[in-house]
Amino acid sequence: MKLEGKIALVTGSSQGIGQAIAIRLAEEGANIVIDYRSHPEGAEETKAGVEATGRRGYVIQADLGAVEDVRRMVAEGIQQFGKLDILVNNAGLEKQGDFWDVTEEDYDNVMNVNLKGVFFATQAIVQHLRETGRSGKIINISSVHEELSFPHFTTYCASKGGVKMMMRNLAVELGSLGITINNVAPGAIETPINQELLNNPDQLNTVIKNIPLGRLGQPKDVASLVAFLASADADYITGSTFFVDGGLLWNYQEQ
């Protein structure tokens, strides 16, 4: 098990990609801090999946859009396990809307979770690693939309573009501390956030036609790459985005 003795915090891990990541990291030997905002039953399901691997799971409720919640989450995780080694910034949200109709509230909701929350969760982990003199791993779950335009989702694209540049900058700034940071950028993955797509056969078929591998991704496809980046096998990898999209990015045409 490549993560034996490690402690990982996975934000937004009560469902979908985050849940799959939490369980996969546990399978590799890590104990897991499970964060949720509004799905406690999902968080308990994740904990059960983690504990089924023989590892420990600990559930924390926190809103990644609120900095005080972010700092409390990190502090509580450290208090529970004595340390944190790995941060997976997975929590995110999107809001559809024509650009000219986007409200300040819509903008703030998306940016606070997708960018500000990632920034301050990463800051809290880095402070902890510096104080304890240890290296660590930070993995952001970004999106193909850090590169690919997505009309009517401008706030989402802007937030993911910000995460891309933050990751590149921090790879330089944190390198001397032995802290690596990378992005994993999923494409169309079969998760609750894509429920509307899954329930619309015509729209779903249109998306699949844009994917050279001919299918939607599964959460485990993303989790496998995260497990690699969290391990010592990836110690010399930092400042990069890895696309998990079945080839969608280079084949996509807006309909």
# chains A, B, ... in the order shown; residues from 1 in each chain; ligands from 1
call {"tool": "select_by_dssp", "arguments": {"residues": "region 13-129 of chain A", "states": "helix (DSSP H, G or I)", "output": "JSON, numbers by chain"}}
result
{"A": [16, 17, 18, 19, 20, 21, 22, 23, 24, 25, 26, 27, 40, 41, 42, 43, 44, 45, 46, 47, 48, 49, 50, 51, 67, 68, 69, 70, 71, 72, 73, 74, 75, 76, 77, 78, 79, 80, 81, 99, 100, 101, 104, 105, 106, 107, 108, 109, 110, 111, 112, 113, 114, 115, 116, 117, 118, 119, 120, 121, 122, 123, 124, 125, 126, 127, 128, 129]}
call {"tool": "residues_around", "arguments": {"residues": "region 150-152 of chain A", "least_positions_apart": "5", "cutoff": "8 Å", "atoms": "only C-alpha atoms", "output": "JSON, numbers by chain"}}
result
{"A": [96, 97, 98, 99, 145, 157]}
call {"tool": "closest_residue", "arguments": {"among": "A:Gln127, A:Ser142, A:Ser224, A:Thr238", "to": "Arg24 (chain A)", "atoms": "only C-alpha atoms"}}
result
A:Ser224
call {"tool": "closest_residue", "arguments": {"among": "A:His128, A:Lys160, A:Arg55, A:Lys95", "to": "Ala75 (chain A)", "atoms": "only C-alpha atoms"}}
result
A:His128
call {"tool": "closest_residue", "arguments": {"among": "A:Phe119, A:Phe228, A:Tyr156, A:Phe242", "to": "Asn169 (chain A)", "atoms": "only C-alpha atoms"}}
result
A:Phe119
call {"tool": "residues_around", "arguments": {"residues": "Ile208 (chain A)", "least_positions_apart": "6", "cutoff": "10 Å", "atoms": "only C-alpha atoms", "output": "short mmCIF file (atom, residue, chain, number, x, y, z; two decimals) with C-alpha atoms, in the first residue's frame"}}
result
data_model
loop_
_atom_site.label_atom_id
_atom_site.label_comp_id
_atom_site.auth_asym_id
_atom_site.auth_seq_id
_atom_site.Cartn_x
_atom_site.Cartn_y
_atom_site.Cartn_z
CA ALA A 188 -17.59 14.43 -18.53
CA GLY A 214 -16.89 6.72 -26.57
CA ARG A 215 -18.10 6.81 -22.97
CA LEU A 216 -18.45 9.02 -19.94
CA GLY A 246 -11.32 10.26 -22.72
CA LEU A 248 -12.72 15.18 -25.01
CA TYR A 252 -14.84 18.96 -28.44
#
call {"tool": "closest_residue", "arguments": {"among": "A:Glu131, A:Thr155, A:Ala43, A:Pro201", "to": "Glu94 (chain A)", "atoms": "only C-alpha atoms"}}
result
A:Thr155
call {"tool": "residues_around", "arguments": {"residues": "region 8-20 of chain A", "least_positions_apart": "3", "cutoff": "9 Å", "atoms": "only C-alpha atoms", "output": "MDAnalysis selection string"}}
result
chainID A and resid 23:26 30:47 49 62 64 74 77 84:92 141 189:193 218:220 222:223 230
call {"tool": "write_last_selection", "arguments": {"atoms": "C-alpha atoms", "output": "CSV table (one decimal), in the first residue's frame"}}
result
chain,number,residue,atom,x,y,z
A,23,ILE,CA,-12.1,5.3,-0.7
A,24,ARG,CA,-9.2,4.8,-3.2
A,25,LEU,CA,-6.7,6.6,-1.0
A,26,ALA,CA,-7.9,4.4,1.9
A,30,ALA,CA,-4.2,6.4,4.1
A,31,ASN,CA,-6.5,7.4,6.8
A,32,ILE,CA,-9.1,9.9,5.5
A,33,VAL,CA,-10.6,13.2,6.7
A,34,ILE,CA,-14.0,13.3,5.0
A,35,ASP,CA,-15.5,16.8,4.4
A,36,TYR,CA,-19.1,17.5,3.4
A,37,ARG,CA,-21.2,20.6,3.3
A,38,SER,CA,-24.8,19.4,3.0
A,39,HIS,CA,-24.9,15.6,2.6
A,40,PRO,CA,-24.2,14.0,6.0
A,41,GLU,CA,-25.6,10.7,4.8
A,42,GLY,CA,-23.2,10.6,1.9
A,43,ALA,CA,-20.3,11.4,4.2
A,44,GLU,CA,-21.3,8.5,6.4
A,45,GLU,CA,-21.4,6.3,3.3
A,46,THR,CA,-17.9,7.4,2.4
A,47,LYS,CA,-16.7,6.7,5.9
A,49,GLY,CA,-16.3,2.7,2.4
A,62,ALA,CA,-17.5,22.5,6.5
A,64,LEU,CA,-15.5,25.5,1.6
A,74,VAL,CA,-7.9,21.6,8.7
A,77,GLY,CA,-8.3,17.0,11.0
A,84,LEU,CA,-2.1,15.9,7.5
A,85,ASP,CA,0.1,14.8,4.6
A,86,ILE,CA,-2.2,15.0,1.6
A,87,LEU,CA,-4.8,17.6,0.6
A,88,VAL,CA,-7.3,16.9,-2.3
A,89,ASN,CA,-9.2,20.0,-3.1
A,90,ASN,CA,-12.2,18.4,-4.7
A,91,ALA,CA,-15.2,20.4,-3.5
A,92,GLY,CA,-16.8,22.5,-6.2
A,141,ILE,CA,-9.6,18.6,-8.9
A,189,ILE,CA,-17.8,12.1,-15.5
A,190,GLU,CA,-20.9,10.2,-14.4
A,191,THR,CA,-21.6,12.0,-11.1
A,192,PRO,CA,-24.5,13.7,-9.4
A,193,ILE,CA,-23.3,17.1,-10.7
A,218,GLN,CA,-16.3,7.1,-14.0
A,219,PRO,CA,-15.2,8.5,-10.6
A,220,LYS,CA,-12.7,5.7,-10.3
A,222,VAL,CA,-10.2,10.2,-11.6
A,223,ALA,CA,-9.4,8.5,-8.3
A,230,ALA,CA,-0.5,11.4,-3.8
call {"tool": "select_by_dssp", "arguments": {"residues": "region 69-236 of chain A", "states": "strand (DSSP E)", "output": "list in words"}}
result
Ile86, Leu87, Val88, Asn89, Gly136, Lys137, Ile138, Ile139, Asn140, Ile141, Ile179, Thr180, Ile181, Asn182, Asn183, Val184, Ala185 and Pro186 of chain A
call {"tool": "write_last_selection", "arguments": {"atoms": "C-alpha atoms", "output": "short mmCIF file (atom, residue, chain, number, x, y, z; two decimals), in the first residue's frame"}}
result
data_model
loop_
_atom_site.label_atom_id
_atom_site.label_comp_id
_atom_site.auth_asym_id
_atom_site.auth_seq_id
_atom_site.Cartn_x
_atom_site.Cartn_y
_atom_site.Cartn_z
CA ILE A 86 -2.21 15.03 1.56
CA LEU A 87 -4.84 17.58 0.56
CA VAL A 88 -7.28 16.88 -2.26
CA ASN A 89 -9.19 20.04 -3.14
CA GLY A 136 3.35 16.97 1.35
CA LYS A 137 1.06 16.55 -1.63
CA ILE A 138 -1.66 18.89 -2.87
CA ILE A 139 -3.98 17.75 -5.64
CA ASN A 140 -6.67 20.02 -7.04
CA ILE A 141 -9.65 18.57 -8.87
CA ILE A 179 5.51 20.21 -1.36
CA THR A 180 4.16 19.21 -4.76
CA ILE A 181 0.94 20.54 -6.26
CA ASN A 182 -0.87 19.36 -9.38
CA ASN A 183 -4.29 19.54 -11.00
CA VAL A 184 -6.43 16.66 -12.15
CA ALA A 185 -8.90 17.90 -14.75
CA PRO A 186 -11.88 15.62 -15.38
#
call {"tool": "closest_residue", "arguments": {"among": "A:Asp63, A:Asp106, A:Glu147, A:Glu68", "to": "Gly162 (chain A)", "atoms": "only C-alpha atoms"}}
result
A:Glu147
call {"tool": "decode", "arguments": {"residues": "region 104-144 of chain A", "atoms": "N, CA and C atoms", "output": "mmCIF file, in the first residue's frame"}}
result
data_model
loop_
_atom_site.group_PDB
_atom_site.id
_atom_site.type_symbol
_atom_site.label_atom_id
_atom_site.label_comp_id
_atom_site.auth_asym_id
_atom_site.auth_seq_id
_atom_site.Cartn_x
_atom_site.Cartn_y
_atom_site.Cartn_z
ATOM 1 N N GLU A 104 -24.189 39.065 -8.605
ATOM 2 C CA GLU A 104 -23.034 39.056 -7.714
ATOM 3 C C GLU A 104 -23.081 37.849 -6.788
ATOM 4 N N GLU A 105 -24.273 37.484 -6.344
ATOM 5 C CA GLU A 105 -24.418 36.315 -5.472
ATOM 6 C C GLU A 105 -23.999 35.039 -6.196
ATOM 7 N N ASP A 106 -24.429 34.874 -7.445
ATOM 8 C CA ASP A 106 -24.025 33.702 -8.237
ATOM 9 C C ASP A 106 -22.505 33.644 -8.364
ATOM 10 N N TYR A 107 -21.931 34.790 -8.713
ATOM 11 C CA TYR A 107 -20.484 34.884 -8.901
ATOM 12 C C TYR A 107 -19.746 34.499 -7.611
ATOM 13 N N ASP A 108 -20.171 35.090 -6.504
ATOM 14 C CA ASP A 108 -19.502 34.835 -5.230
ATOM 15 C C ASP A 108 -19.639 33.381 -4.801
ATOM 16 N N ASN A 109 -20.810 32.784 -5.004
ATOM 17 C CA ASN A 109 -21.010 31.391 -4.601
ATOM 18 C C ASN A 109 -20.030 30.466 -5.307
ATOM 19 N N VAL A 110 -19.866 30.657 -6.604
ATOM 20 C CA VAL A 110 -18.962 29.799 -7.372
ATOM 21 C C VAL A 110 -17.502 30.079 -7.021
ATOM 22 N N MET A 111 -17.126 31.341 -7.009
ATOM 23 C CA MET A 111 -15.728 31.694 -6.745
ATOM 24 C C MET A 111 -15.305 31.344 -5.320
ATOM 25 N N ASN A 112 -16.206 31.519 -4.364
ATOM 26 C CA ASN A 112 -15.850 31.253 -2.975
ATOM 27 C C ASN A 112 -15.499 29.789 -2.753
ATOM 28 N N VAL A 113 -16.243 28.895 -3.363
ATOM 29 C CA VAL A 113 -15.966 27.464 -3.196
ATOM 30 C C VAL A 113 -14.828 27.014 -4.097
ATOM 31 N N ASN A 114 -14.910 27.363 -5.372
ATOM 32 C CA ASN A 114 -13.997 26.795 -6.369
ATOM 33 C C ASN A 114 -12.603 27.395 -6.354
ATOM 34 N N LEU A 115 -12.472 28.647 -5.903
ATOM 35 C CA LEU A 115 -11.166 29.294 -5.938
ATOM 36 C C LEU A 115 -10.705 29.738 -4.550
ATOM 37 N N LYS A 116 -11.526 30.522 -3.869
ATOM 38 C CA LYS A 116 -11.112 30.990 -2.541
ATOM 39 C C LYS A 116 -10.949 29.824 -1.574
ATOM 40 N N GLY A 117 -11.885 28.884 -1.596
ATOM 41 C CA GLY A 117 -11.779 27.732 -0.705
ATOM 42 C C GLY A 117 -10.533 26.912 -0.966
ATOM 43 N N VAL A 118 -10.205 26.720 -2.245
ATOM 44 C CA VAL A 118 -8.997 25.986 -2.614
ATOM 45 C C VAL A 118 -7.759 26.735 -2.124
ATOM 46 N N PHE A 119 -7.759 28.048 -2.306
ATOM 47 C CA PHE A 119 -6.628 28.880 -1.894
ATOM 48 C C PHE A 119 -6.368 28.735 -0.393
ATOM 49 N N PHE A 120 -7.412 28.905 0.414
ATOM 50 C CA PHE A 120 -7.199 28.933 1.857
ATOM 51 C C PHE A 120 -7.057 27.546 2.481
ATOM 52 N N ALA A 121 -7.648 26.520 1.880
ATOM 53 C CA ALA A 121 -7.383 25.156 2.348
ATOM 54 C C ALA A 121 -5.921 24.804 2.091
ATOM 55 N N THR A 122 -5.432 25.166 0.919
ATOM 56 C CA THR A 122 -4.032 24.922 0.584
ATOM 57 C C THR A 122 -3.114 25.702 1.517
ATOM 58 N N GLN A 123 -3.461 26.955 1.779
ATOM 59 C CA GLN A 123 -2.647 27.764 2.688
ATOM 60 C C GLN A 123 -2.555 27.123 4.067
ATOM 61 N N ALA A 124 -3.693 26.644 4.586
ATOM 62 C CA ALA A 124 -3.706 26.040 5.922
ATOM 63 C C ALA A 124 -2.842 24.780 5.972
ATOM 64 N N ILE A 125 -2.898 23.976 4.934
ATOM 65 C CA ILE A 125 -2.078 22.758 4.878
ATOM 66 C C ILE A 125 -0.602 23.122 4.781
ATOM 67 N N VAL A 126 -0.284 24.090 3.951
ATOM 68 C CA VAL A 126 1.117 24.501 3.796
ATOM 69 C C VAL A 126 1.666 25.039 5.113
ATOM 70 N N GLN A 127 0.886 25.828 5.828
ATOM 71 C CA GLN A 127 1.324 26.322 7.136
ATOM 72 C C GLN A 127 1.625 25.162 8.078
ATOM 73 N N HIS A 128 0.757 24.151 8.072
ATOM 74 C CA HIS A 128 0.957 22.970 8.918
ATOM 75 C C HIS A 128 2.225 22.219 8.521
ATOM 76 N N LEU A 129 2.452 22.028 7.236
ATOM 77 C CA LEU A 129 3.631 21.297 6.769
ATOM 78 C C LEU A 129 4.917 22.062 7.090
ATOM 79 N N ARG A 130 4.882 23.377 6.945
ATOM 80 C CA ARG A 130 6.058 24.191 7.292
ATOM 81 C C ARG A 130 6.361 24.104 8.782
ATOM 82 N N GLU A 131 5.327 24.197 9.582
ATOM 83 C CA GLU A 131 5.509 24.165 11.039
ATOM 84 C C GLU A 131 6.077 22.830 11.514
ATOM 85 N N THR A 132 5.721 21.752 10.812
ATOM 86 C CA THR A 132 6.179 20.417 11.216
ATOM 87 C C THR A 132 7.388 19.951 10.409
ATOM 88 N N GLY A 133 7.845 20.786 9.471
ATOM 89 C CA GLY A 133 9.045 20.481 8.703
ATOM 90 C C GLY A 133 8.928 19.266 7.813
ATOM 91 N N ARG A 134 7.755 19.087 7.209
ATOM 92 C CA ARG A 134 7.520 17.902 6.385
ATOM 93 C C ARG A 134 7.128 18.290 4.964
ATOM 94 N N SER A 135 7.340 17.371 4.049
ATOM 95 C CA SER A 135 6.859 17.528 2.679
ATOM 96 C C SER A 135 5.391 17.120 2.622
ATOM 97 N N GLY A 136 4.751 17.338 1.478
ATOM 98 C CA GLY A 136 3.349 16.971 1.346
ATOM 99 C C GLY A 136 2.892 17.025 -0.088
ATOM 100 N N LYS A 137 1.649 16.615 -0.288
ATOM 101 C CA LYS A 137 1.065 16.555 -1.629
ATOM 102 C C LYS A 137 -0.255 17.325 -1.651
ATOM 103 N N ILE A 138 -0.411 18.175 -2.654
ATOM 104 C CA ILE A 138 -1.661 18.888 -2.866
ATOM 105 C C ILE A 138 -2.144 18.570 -4.267
ATOM 106 N N ILE A 139 -3.385 18.114 -4.352
ATOM 107 C CA ILE A 139 -3.975 17.748 -5.643
ATOM 108 C C ILE A 139 -5.310 18.463 -5.766
ATOM 109 N N ASN A 140 -5.431 19.291 -6.780
ATOM 110 C CA ASN A 140 -6.675 20.015 -7.038
ATOM 111 C C ASN A 140 -7.491 19.285 -8.093
ATOM 112 N N ILE A 141 -8.769 19.101 -7.822
ATOM 113 C CA ILE A 141 -9.649 18.574 -8.866
ATOM 114 C C ILE A 141 -10.187 19.783 -9.626
ATOM 115 N N SER A 142 -9.614 19.996 -10.776
ATOM 116 C CA SER A 142 -9.966 21.132 -11.625
ATOM 117 C C SER A 142 -11.028 20.674 -12.625
ATOM 118 N N SER A 143 -10.829 20.943 -13.894
ATOM 119 C CA SER A 143 -11.800 20.587 -14.928
ATOM 120 C C SER A 143 -11.163 20.830 -16.289
ATOM 121 N N VAL A 144 -11.667 20.126 -17.301
ATOM 122 C CA VAL A 144 -11.236 20.472 -18.660
ATOM 123 C C VAL A 144 -11.518 21.940 -18.953
#
